[in-house]
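Shown here: my_file-v5.txt, compact mmCIF, N, CA and C atoms.
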```txt
# COMPACT_ATOMS: atom_id res chain seq x y z
N VAL B 29 -12.17 -151.63 -94.60
CA VAL B 29 -12.06 -151.71 -96.05
C VAL B 29 -12.77 -150.51 -96.66
N GLN B 30 -12.09 -149.83 -97.54
CA GLN B 30 -12.69 -148.69 -98.23
C GLN B 30 -12.76 -149.00 -99.72
N LEU B 31 -13.85 -148.59 -100.33
CA LEU B 31 -14.05 -148.79 -101.76
C LEU B 31 -14.19 -147.44 -102.43
N GLN B 32 -13.38 -147.21 -103.45
CA GLN B 32 -13.40 -145.95 -104.18
C GLN B 32 -13.80 -146.22 -105.62
N ALA B 33 -14.99 -145.74 -105.98
CA ALA B 33 -15.50 -145.95 -107.33
C ALA B 33 -15.29 -144.72 -108.18
N SER B 34 -15.13 -144.94 -109.47
CA SER B 34 -14.97 -143.83 -110.41
C SER B 34 -15.47 -144.26 -111.77
N GLY B 35 -15.68 -143.28 -112.66
CA GLY B 35 -16.00 -143.58 -114.03
C GLY B 35 -17.42 -143.28 -114.46
N GLY B 36 -18.27 -142.84 -113.56
CA GLY B 36 -19.63 -142.51 -113.95
C GLY B 36 -19.68 -141.24 -114.78
N GLY B 37 -20.87 -140.93 -115.29
CA GLY B 37 -21.02 -139.71 -116.07
C GLY B 37 -22.26 -139.74 -116.92
N LEU B 38 -22.29 -138.82 -117.86
CA LEU B 38 -23.41 -138.68 -118.79
C LEU B 38 -22.99 -139.24 -120.15
N VAL B 39 -23.81 -140.08 -120.72
CA VAL B 39 -23.51 -140.68 -122.01
C VAL B 39 -24.79 -140.79 -122.82
N GLN B 40 -24.66 -140.72 -124.13
CA GLN B 40 -25.82 -140.86 -125.00
C GLN B 40 -26.22 -142.33 -125.14
N PRO B 41 -27.48 -142.59 -125.43
CA PRO B 41 -27.89 -143.98 -125.68
C PRO B 41 -27.02 -144.63 -126.74
N GLY B 42 -26.64 -145.87 -126.48
CA GLY B 42 -25.74 -146.59 -127.38
C GLY B 42 -24.28 -146.40 -127.04
N GLY B 43 -23.98 -145.51 -126.14
CA GLY B 43 -22.60 -145.23 -125.78
C GLY B 43 -22.06 -146.20 -124.75
N SER B 44 -20.83 -145.93 -124.32
CA SER B 44 -20.14 -146.81 -123.38
C SER B 44 -19.54 -146.01 -122.23
N LEU B 45 -19.42 -146.69 -121.12
CA LEU B 45 -18.72 -146.16 -119.95
C LEU B 45 -18.01 -147.31 -119.27
N ARG B 46 -16.95 -146.98 -118.56
CA ARG B 46 -16.24 -147.99 -117.78
C ARG B 46 -16.13 -147.52 -116.33
N LEU B 47 -16.67 -148.30 -115.43
CA LEU B 47 -16.58 -148.00 -114.02
C LEU B 47 -15.42 -148.79 -113.41
N SER B 48 -14.77 -148.17 -112.44
CA SER B 48 -13.70 -148.83 -111.69
C SER B 48 -13.98 -148.70 -110.21
N CYS B 49 -13.53 -149.69 -109.45
CA CYS B 49 -13.68 -149.63 -108.00
C CYS B 49 -12.46 -150.28 -107.37
N ALA B 50 -11.73 -149.49 -106.60
CA ALA B 50 -10.53 -149.99 -105.94
C ALA B 50 -10.78 -150.15 -104.45
N ALA B 51 -10.39 -151.28 -103.92
CA ALA B 51 -10.52 -151.55 -102.50
C ALA B 51 -9.19 -151.32 -101.81
N SER B 52 -9.27 -150.76 -100.62
CA SER B 52 -8.05 -150.52 -99.83
C SER B 52 -8.35 -150.80 -98.36
N GLY B 53 -7.29 -150.95 -97.59
CA GLY B 53 -7.47 -151.23 -96.18
C GLY B 53 -6.87 -152.56 -95.81
N SER B 54 -7.34 -153.11 -94.72
CA SER B 54 -6.82 -154.38 -94.23
C SER B 54 -7.53 -155.52 -94.93
N ILE B 55 -6.94 -155.89 -96.06
CA ILE B 55 -7.57 -156.92 -96.87
C ILE B 55 -6.64 -158.10 -97.01
N PHE B 56 -7.10 -159.25 -96.58
CA PHE B 56 -6.32 -160.46 -96.84
C PHE B 56 -6.73 -161.03 -98.19
N SER B 57 -8.02 -161.16 -98.38
CA SER B 57 -8.52 -161.59 -99.68
C SER B 57 -9.97 -161.16 -99.80
N ILE B 58 -10.33 -160.75 -100.98
CA ILE B 58 -11.69 -160.35 -101.27
C ILE B 58 -12.36 -161.51 -101.99
N ASN B 59 -13.40 -162.02 -101.38
CA ASN B 59 -14.05 -163.19 -101.95
C ASN B 59 -14.85 -162.87 -103.20
N LEU B 60 -15.50 -161.69 -103.18
CA LEU B 60 -16.38 -161.35 -104.27
C LEU B 60 -16.43 -159.83 -104.38
N MET B 61 -16.48 -159.34 -105.59
CA MET B 61 -16.67 -157.91 -105.83
C MET B 61 -17.75 -157.76 -106.89
N GLY B 62 -18.46 -156.66 -106.80
CA GLY B 62 -19.51 -156.49 -107.78
C GLY B 62 -20.08 -155.09 -107.81
N TRP B 63 -21.10 -154.95 -108.61
CA TRP B 63 -21.79 -153.67 -108.80
C TRP B 63 -23.29 -153.87 -108.63
N TYR B 64 -23.88 -152.93 -107.92
CA TYR B 64 -25.32 -152.83 -107.80
C TYR B 64 -25.71 -151.45 -108.32
N ARG B 65 -26.98 -151.28 -108.61
CA ARG B 65 -27.45 -149.96 -109.02
C ARG B 65 -28.82 -149.67 -108.43
N GLN B 66 -29.09 -148.40 -108.30
CA GLN B 66 -30.38 -147.98 -107.77
C GLN B 66 -30.88 -146.78 -108.56
N ALA B 67 -31.99 -146.99 -109.24
CA ALA B 67 -32.63 -145.92 -109.98
C ALA B 67 -33.62 -145.20 -109.07
N PRO B 68 -33.97 -143.97 -109.39
CA PRO B 68 -34.91 -143.22 -108.56
C PRO B 68 -36.21 -143.99 -108.38
N GLY B 69 -36.65 -144.10 -107.12
CA GLY B 69 -37.91 -144.77 -106.83
C GLY B 69 -37.87 -146.28 -106.89
N LYS B 70 -36.68 -146.84 -107.11
CA LYS B 70 -36.56 -148.30 -107.22
C LYS B 70 -35.61 -148.83 -106.16
N GLN B 71 -35.70 -150.14 -105.93
CA GLN B 71 -34.79 -150.78 -104.99
C GLN B 71 -33.43 -150.99 -105.63
N ARG B 72 -32.43 -151.09 -104.79
CA ARG B 72 -31.10 -151.40 -105.27
C ARG B 72 -31.10 -152.83 -105.83
N GLU B 73 -30.45 -153.00 -106.97
CA GLU B 73 -30.46 -154.31 -107.62
C GLU B 73 -29.05 -154.69 -108.07
N LEU B 74 -28.83 -155.98 -108.13
CA LEU B 74 -27.55 -156.49 -108.61
C LEU B 74 -27.38 -156.18 -110.08
N VAL B 75 -26.19 -155.75 -110.46
CA VAL B 75 -25.83 -155.61 -111.86
C VAL B 75 -24.97 -156.80 -112.28
N ALA B 76 -23.87 -156.99 -111.56
CA ALA B 76 -22.97 -158.09 -111.85
C ALA B 76 -22.02 -158.28 -110.68
N HIS B 77 -21.53 -159.52 -110.50
CA HIS B 77 -20.46 -159.71 -109.55
C HIS B 77 -19.50 -160.77 -110.05
N ILE B 78 -18.32 -160.77 -109.45
CA ILE B 78 -17.26 -161.68 -109.88
C ILE B 78 -16.53 -162.20 -108.65
N THR B 79 -16.28 -163.49 -108.62
CA THR B 79 -15.59 -164.09 -107.49
C THR B 79 -14.08 -163.96 -107.66
N SER B 80 -13.37 -164.31 -106.61
CA SER B 80 -11.91 -164.25 -106.68
C SER B 80 -11.37 -165.22 -107.72
N GLY B 81 -12.14 -166.25 -108.00
CA GLY B 81 -11.72 -167.21 -109.01
C GLY B 81 -12.12 -166.84 -110.42
N GLY B 82 -12.87 -165.74 -110.55
CA GLY B 82 -13.23 -165.25 -111.87
C GLY B 82 -14.61 -165.65 -112.35
N SER B 83 -15.39 -166.33 -111.52
CA SER B 83 -16.75 -166.66 -111.93
C SER B 83 -17.62 -165.42 -111.88
N THR B 84 -18.45 -165.26 -112.91
CA THR B 84 -19.25 -164.05 -113.03
C THR B 84 -20.74 -164.35 -113.02
N THR B 85 -21.49 -163.37 -112.57
CA THR B 85 -22.95 -163.41 -112.60
C THR B 85 -23.44 -162.07 -113.08
N TYR B 86 -24.41 -162.09 -113.98
CA TYR B 86 -24.99 -160.85 -114.52
C TYR B 86 -26.49 -160.85 -114.34
N ALA B 87 -27.03 -159.68 -114.09
CA ALA B 87 -28.47 -159.52 -114.12
C ALA B 87 -28.94 -159.61 -115.57
N ASP B 88 -30.14 -160.15 -115.76
CA ASP B 88 -30.64 -160.35 -117.13
C ASP B 88 -30.63 -159.08 -117.98
N PRO B 89 -31.02 -157.92 -117.42
CA PRO B 89 -31.09 -156.71 -118.27
C PRO B 89 -29.75 -156.26 -118.85
N VAL B 90 -28.64 -156.74 -118.29
CA VAL B 90 -27.34 -156.25 -118.75
C VAL B 90 -26.53 -157.33 -119.46
N LYS B 91 -27.05 -158.54 -119.50
CA LYS B 91 -26.31 -159.63 -120.16
C LYS B 91 -26.05 -159.29 -121.62
N GLY B 92 -24.84 -159.53 -122.04
CA GLY B 92 -24.46 -159.26 -123.42
C GLY B 92 -24.03 -157.82 -123.67
N ARG B 93 -24.27 -156.94 -122.70
CA ARG B 93 -23.88 -155.53 -122.88
C ARG B 93 -22.81 -155.10 -121.88
N PHE B 94 -22.86 -155.65 -120.68
CA PHE B 94 -21.91 -155.28 -119.63
C PHE B 94 -20.93 -156.43 -119.41
N THR B 95 -19.70 -156.06 -119.06
CA THR B 95 -18.68 -157.05 -118.73
C THR B 95 -17.98 -156.65 -117.44
N ILE B 96 -17.96 -157.56 -116.48
CA ILE B 96 -17.27 -157.31 -115.23
C ILE B 96 -15.94 -158.05 -115.23
N SER B 97 -14.92 -157.41 -114.69
CA SER B 97 -13.61 -158.04 -114.58
C SER B 97 -12.93 -157.53 -113.32
N ARG B 98 -11.88 -158.19 -112.92
CA ARG B 98 -11.19 -157.74 -111.71
C ARG B 98 -9.70 -158.00 -111.82
N ASP B 99 -8.95 -157.18 -111.13
CA ASP B 99 -7.50 -157.34 -111.01
C ASP B 99 -7.24 -157.64 -109.54
N ASN B 100 -7.01 -158.91 -109.23
CA ASN B 100 -6.86 -159.31 -107.83
C ASN B 100 -5.63 -158.66 -107.19
N ALA B 101 -4.59 -158.48 -107.96
CA ALA B 101 -3.37 -157.88 -107.41
C ALA B 101 -3.60 -156.44 -106.97
N LYS B 102 -4.53 -155.78 -107.66
CA LYS B 102 -4.83 -154.38 -107.35
C LYS B 102 -6.11 -154.23 -106.54
N ASN B 103 -6.76 -155.35 -106.21
CA ASN B 103 -8.04 -155.30 -105.50
C ASN B 103 -9.01 -154.34 -106.17
N THR B 104 -9.09 -154.45 -107.47
CA THR B 104 -9.90 -153.53 -108.27
C THR B 104 -10.85 -154.32 -109.15
N VAL B 105 -12.09 -153.83 -109.24
CA VAL B 105 -13.08 -154.42 -110.13
C VAL B 105 -13.50 -153.38 -111.14
N TYR B 106 -13.79 -153.84 -112.36
CA TYR B 106 -14.18 -152.96 -113.46
C TYR B 106 -15.53 -153.40 -114.00
N LEU B 107 -16.27 -152.44 -114.51
CA LEU B 107 -17.51 -152.74 -115.20
C LEU B 107 -17.52 -151.99 -116.51
N GLN B 108 -17.35 -152.73 -117.59
CA GLN B 108 -17.44 -152.15 -118.93
C GLN B 108 -18.89 -152.19 -119.37
N MET B 109 -19.45 -151.04 -119.65
CA MET B 109 -20.86 -150.94 -120.01
C MET B 109 -20.96 -150.44 -121.45
N ASN B 110 -21.47 -151.28 -122.31
CA ASN B 110 -21.65 -150.94 -123.72
C ASN B 110 -23.13 -150.91 -124.08
N SER B 111 -23.44 -150.31 -125.20
CA SER B 111 -24.82 -150.23 -125.68
C SER B 111 -25.76 -149.75 -124.58
N LEU B 112 -25.37 -148.69 -123.95
CA LEU B 112 -26.14 -148.18 -122.81
C LEU B 112 -27.51 -147.69 -123.24
N LYS B 113 -28.47 -147.90 -122.35
CA LYS B 113 -29.85 -147.53 -122.60
C LYS B 113 -30.30 -146.54 -121.52
N PRO B 114 -31.31 -145.74 -121.79
CA PRO B 114 -31.81 -144.82 -120.76
C PRO B 114 -32.19 -145.53 -119.47
N GLU B 115 -32.66 -146.76 -119.58
CA GLU B 115 -33.05 -147.49 -118.36
C GLU B 115 -31.85 -147.95 -117.54
N ASP B 116 -30.66 -147.76 -118.03
CA ASP B 116 -29.46 -148.03 -117.24
C ASP B 116 -29.12 -146.87 -116.31
N THR B 117 -29.83 -145.77 -116.46
CA THR B 117 -29.59 -144.61 -115.61
C THR B 117 -29.86 -144.96 -114.16
N ALA B 118 -28.85 -144.73 -113.32
CA ALA B 118 -28.94 -145.09 -111.90
C ALA B 118 -27.68 -144.64 -111.20
N VAL B 119 -27.71 -144.73 -109.89
CA VAL B 119 -26.49 -144.62 -109.11
C VAL B 119 -25.92 -146.03 -108.98
N TYR B 120 -24.67 -146.19 -109.35
CA TYR B 120 -24.01 -147.49 -109.32
C TYR B 120 -23.13 -147.57 -108.08
N TYR B 121 -23.27 -148.68 -107.35
CA TYR B 121 -22.53 -148.89 -106.11
C TYR B 121 -21.62 -150.10 -106.24
N CYS B 122 -20.41 -149.92 -105.81
CA CYS B 122 -19.45 -151.01 -105.74
C CYS B 122 -19.65 -151.78 -104.44
N TYR B 123 -19.44 -153.09 -104.50
CA TYR B 123 -19.62 -153.95 -103.33
C TYR B 123 -18.47 -154.93 -103.26
N ALA B 124 -18.03 -155.19 -102.03
CA ALA B 124 -16.98 -156.20 -101.83
C ALA B 124 -17.33 -157.06 -100.64
N LEU B 125 -17.17 -158.35 -100.81
CA LEU B 125 -17.38 -159.30 -99.73
C LEU B 125 -16.03 -159.80 -99.25
N VAL B 126 -15.71 -159.43 -98.01
CA VAL B 126 -14.51 -159.92 -97.35
C VAL B 126 -15.04 -160.69 -96.14
N VAL B 127 -15.21 -161.98 -96.36
CA VAL B 127 -15.92 -162.81 -95.38
C VAL B 127 -15.42 -162.54 -93.97
N PRO B 128 -16.34 -162.30 -93.01
CA PRO B 128 -17.79 -162.38 -93.16
C PRO B 128 -18.49 -161.04 -93.41
N GLU B 129 -17.73 -159.99 -93.72
CA GLU B 129 -18.31 -158.66 -93.85
C GLU B 129 -18.49 -158.26 -95.31
N GLY B 130 -19.54 -157.47 -95.54
CA GLY B 130 -19.75 -156.86 -96.84
C GLY B 130 -19.53 -155.37 -96.74
N TYR B 131 -19.00 -154.79 -97.80
CA TYR B 131 -18.66 -153.37 -97.80
C TYR B 131 -19.23 -152.72 -99.05
N TRP B 132 -19.66 -151.48 -98.87
CA TRP B 132 -20.21 -150.70 -99.98
C TRP B 132 -19.37 -149.45 -100.21
N GLY B 133 -19.23 -149.10 -101.46
CA GLY B 133 -18.61 -147.84 -101.79
C GLY B 133 -19.68 -146.77 -101.98
N LYS B 134 -19.25 -145.53 -102.05
CA LYS B 134 -20.18 -144.46 -102.37
C LYS B 134 -20.58 -144.62 -103.83
N GLY B 135 -21.78 -144.27 -104.15
CA GLY B 135 -22.26 -144.46 -105.49
C GLY B 135 -21.67 -143.50 -106.49
N THR B 136 -21.72 -143.91 -107.73
CA THR B 136 -21.33 -143.05 -108.83
C THR B 136 -22.50 -142.99 -109.82
N GLN B 137 -22.84 -141.78 -110.23
CA GLN B 137 -24.02 -141.58 -111.08
C GLN B 137 -23.70 -141.92 -112.53
N VAL B 138 -24.59 -142.71 -113.12
CA VAL B 138 -24.54 -142.98 -114.55
C VAL B 138 -25.87 -142.49 -115.14
N THR B 139 -25.77 -141.59 -116.10
CA THR B 139 -26.96 -141.05 -116.74
C THR B 139 -26.86 -141.29 -118.24
N VAL B 140 -27.86 -141.95 -118.78
CA VAL B 140 -27.90 -142.24 -120.22
C VAL B 140 -29.05 -141.43 -120.81
N SER B 141 -28.68 -140.44 -121.58
CA SER B 141 -29.69 -139.53 -122.11
C SER B 141 -29.16 -138.83 -123.34
N SER B 142 -30.07 -138.53 -124.25
CA SER B 142 -29.69 -137.75 -125.44
C SER B 142 -29.93 -136.27 -125.20
```

Represent the structure from my file as structure tokens, please.
Amino acid sequence: VQLQASGGGLVQPGGSLRLSCAASGSIFSINLMGWYRQAPGKQRELVAHITSGGSTTYADPVKGRFTISRDNAKNTVYLQMNSLKPEDTAVYYCYALVVPEGYWGKGTQVTVSS
């Protein structure tokens, strides 16, 4: 399974970005897809994930600002990030759980700065 993420970049505080992650390969069904992030000097942390049935989980710092969604037919997950803050600056990693294996995509940099 390969995960291809896109959509990172530089944005001013208060701005928006949309990340996308497409899964390809030998996939029968993806149980869960999500996003993690890792800021310099910090551990990788969950941002949000979504199950195949559409149930979502968000980390407290992003609740109300970020929205995760997925297109099961396209094996793609999206992360709409609004009201971005400097503390959202990190490398964002896509994750997919295809039981029993977990897969990571290469990170995409998100920088929030004026």

Give me, please, the distance in Å between atom C of B:Ala50 and atom N of B:Gln137, quoted to one decimal.
15.8 Å

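Using all atoms listed in the file, the shortest contact distance between B:Gly133 and any of B:Leu31, B:Ile78, B:Pro41, B:Thr85 is found at B:Leu31.
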
Report as an MDAnalysis selection string: the residues of stretch 90-134 of chain B with a DSSP assignment of strand (DSSP E or B), based on the backbone of this structure.
chainID B and resid 94:99 104:109 118:126 129:132

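Interatomic distance, atom CA of B:Lys134 against atom CA of B:His77: 16.9 Å.
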
What lies within 6.5 Å of B:Lys113 using all atoms listed in the file, ignoring chain neighbours under 5 positions off, as a ChimeraX atom specification?
/B:41-43,140-141
